[in-house]
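Asks: Have a look at this one before I ask anything.
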Amino acid sequence: MTWDAIPESLLIDLGQLTKANSIEGNKLNNQTILYTPWSNLKKTGGMETGQVTFHKTNLVKKVFIRERENAVVNRLNKTKEELYPDLAAQKIEKQKELRNAQRALEKQLRREEEERKKEYKQAAEMRSYKGVMDNEEEMKSNRYYSGMSVKEAEEDFM
């Protein structure tokens with residue numbers, strides 16, 4: 001689901017929760033709440049705390065909230081879950097995972113490189129004439145064939 005396809009009922013719930021969490025907005029009726037993707041937010045150094053502008057105003061959507069509905073706010077607050085994660089530990093864990101993945105990748109690349117070298121070496125060995133004269137049983141000189149006729153030599157060849 002994209003940010004601009006959020007259902008209307010969810011937007012109303014979000015608007016009610018935003019209104020309830022605002023000190024000024026909680027006291028006032030007929031409030032308009034703006035929402036946009038985070039990448040559209042523009043914050044410069046000269047702005048006050050909490051003040052933002054937008055890069056593209058056509059990406060800003062509005063939700064109109066007439067008045068606070070306590071039933072919606074209470075329902076949402078009952079299901080609220082606050083987490084206090086240990087961000088430093090999570091960062092260290094993430095870095096360990098990244099290092100392990102990098103090591104595994106490097107190990108795989110080394111293994112592939114070694115296999116390529118081994119295959120290249122075997123192919124080069126097969127192309128070379130180094131082992132042609134190694135098998136002495138198959139080596140026969142002219143003296144071996146000197147006592148035979150041509151027909152006998154041909155039969156012995158097969």
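Labeling convention for the structure tokens: chains A, B, ... as they appear, residues from 1 per chain, ligands from 1 in order of appearance.
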Among chain A, which ones does DSSP assign to strand (DSSP E) (computed from the backbone)? Answer as a list in words.

Replies: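 Listing strand (DSSP E) positions across chain A yields Gln31, Thr32, Ile33, Leu34, Tyr35, Leu41, Lys42, Thr53, Phe54, Lys61, Lys62, Val63, Phe64 and Ile65 of chain A.
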
Asks: Need the shell around Lys80 (chain A): protein/DNA/RNA residues with any atom at most 12 Å away, counting only C-alpha atoms. Skip same-chain ones fewer than 6 positions apart. Format as a PyMOL selection string?

Replies: chain A and resi 17+73-74

Asks: Check region 105-143 of chain A with DSSP on the backbone and list each residue it calls alpha helix (DSSP H), as a list in words.

Replies: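 Of region 105-143 of chain A, only Leu105, Glu106, Lys107, Gln108, Leu109, Arg110, Arg111, Glu112, Glu113, Glu114, Glu115, Arg116, Lys117, Lys118, Glu119, Tyr120, Lys121, Gln122, Ala123, Ala124, Glu125, Met126, Arg127, Asn142 and Arg143 of chain A fall in alpha helix (DSSP H).
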
Asks: Store the residues picked out above, limited to C-alpha atoms, as a short mmCIF file (atom, residue, chain, number, x, y, z; two decimals), in the first residue's frame.

Replies:
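Result saved to result.cif:
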data_model
loop_
_atom_site.label_atom_id
_atom_site.label_comp_id
_atom_site.auth_asym_id
_atom_site.auth_seq_id
_atom_site.Cartn_x
_atom_site.Cartn_y
_atom_site.Cartn_z
CA LEU A 105 30.80 -13.36 0.42
CA GLU A 106 34.59 -12.99 0.40
CA LYS A 107 35.01 -16.66 1.35
CA GLN A 108 32.69 -17.71 -1.47
CA LEU A 109 34.60 -15.52 -3.94
CA ARG A 110 37.94 -17.00 -2.80
CA ARG A 111 36.53 -20.53 -3.15
CA GLU A 112 35.29 -19.76 -6.67
CA GLU A 113 38.63 -18.21 -7.62
CA GLU A 114 40.53 -21.26 -6.34
CA GLU A 115 38.24 -23.56 -8.31
CA ARG A 116 38.74 -21.48 -11.46
CA LYS A 117 42.51 -21.65 -10.99
CA LYS A 118 42.32 -25.41 -10.46
CA GLU A 119 40.22 -25.87 -13.60
CA TYR A 120 42.56 -23.66 -15.60
CA LYS A 121 45.56 -25.62 -14.35
CA GLN A 122 43.92 -28.93 -15.30
CA ALA A 123 43.01 -27.61 -18.74
CA ALA A 124 46.57 -26.34 -19.29
CA GLU A 125 47.95 -29.71 -18.19
CA MET A 126 45.66 -31.52 -20.63
CA ARG A 127 46.84 -29.25 -23.46
CA ASN A 142 61.29 -49.75 -34.30
CA ARG A 143 63.15 -52.82 -33.03
#

Asks: Mind dumping a table of every region 1-21 of chain A residue within 9 Å of region 57-66 of chain A, with the nearest atom pair and its distance in Å to one decimal, using only C-alpha atoms, sorted by chain and rising number, as CSV?

Replies:
residue,atom,partner,partner_atom,distance
A:Asp4,CA,A:Lys61,CA,7.9
A:Glu8,CA,A:Val63,CA,8.9
A:Leu11,CA,A:Val63,CA,7.0
A:Ile12,CA,A:Val63,CA,7.2
A:Gly15,CA,A:Ile65,CA,6.5
A:Gln16,CA,A:Ile65,CA,7.0
A:Lys19,CA,A:Ile65,CA,8.1
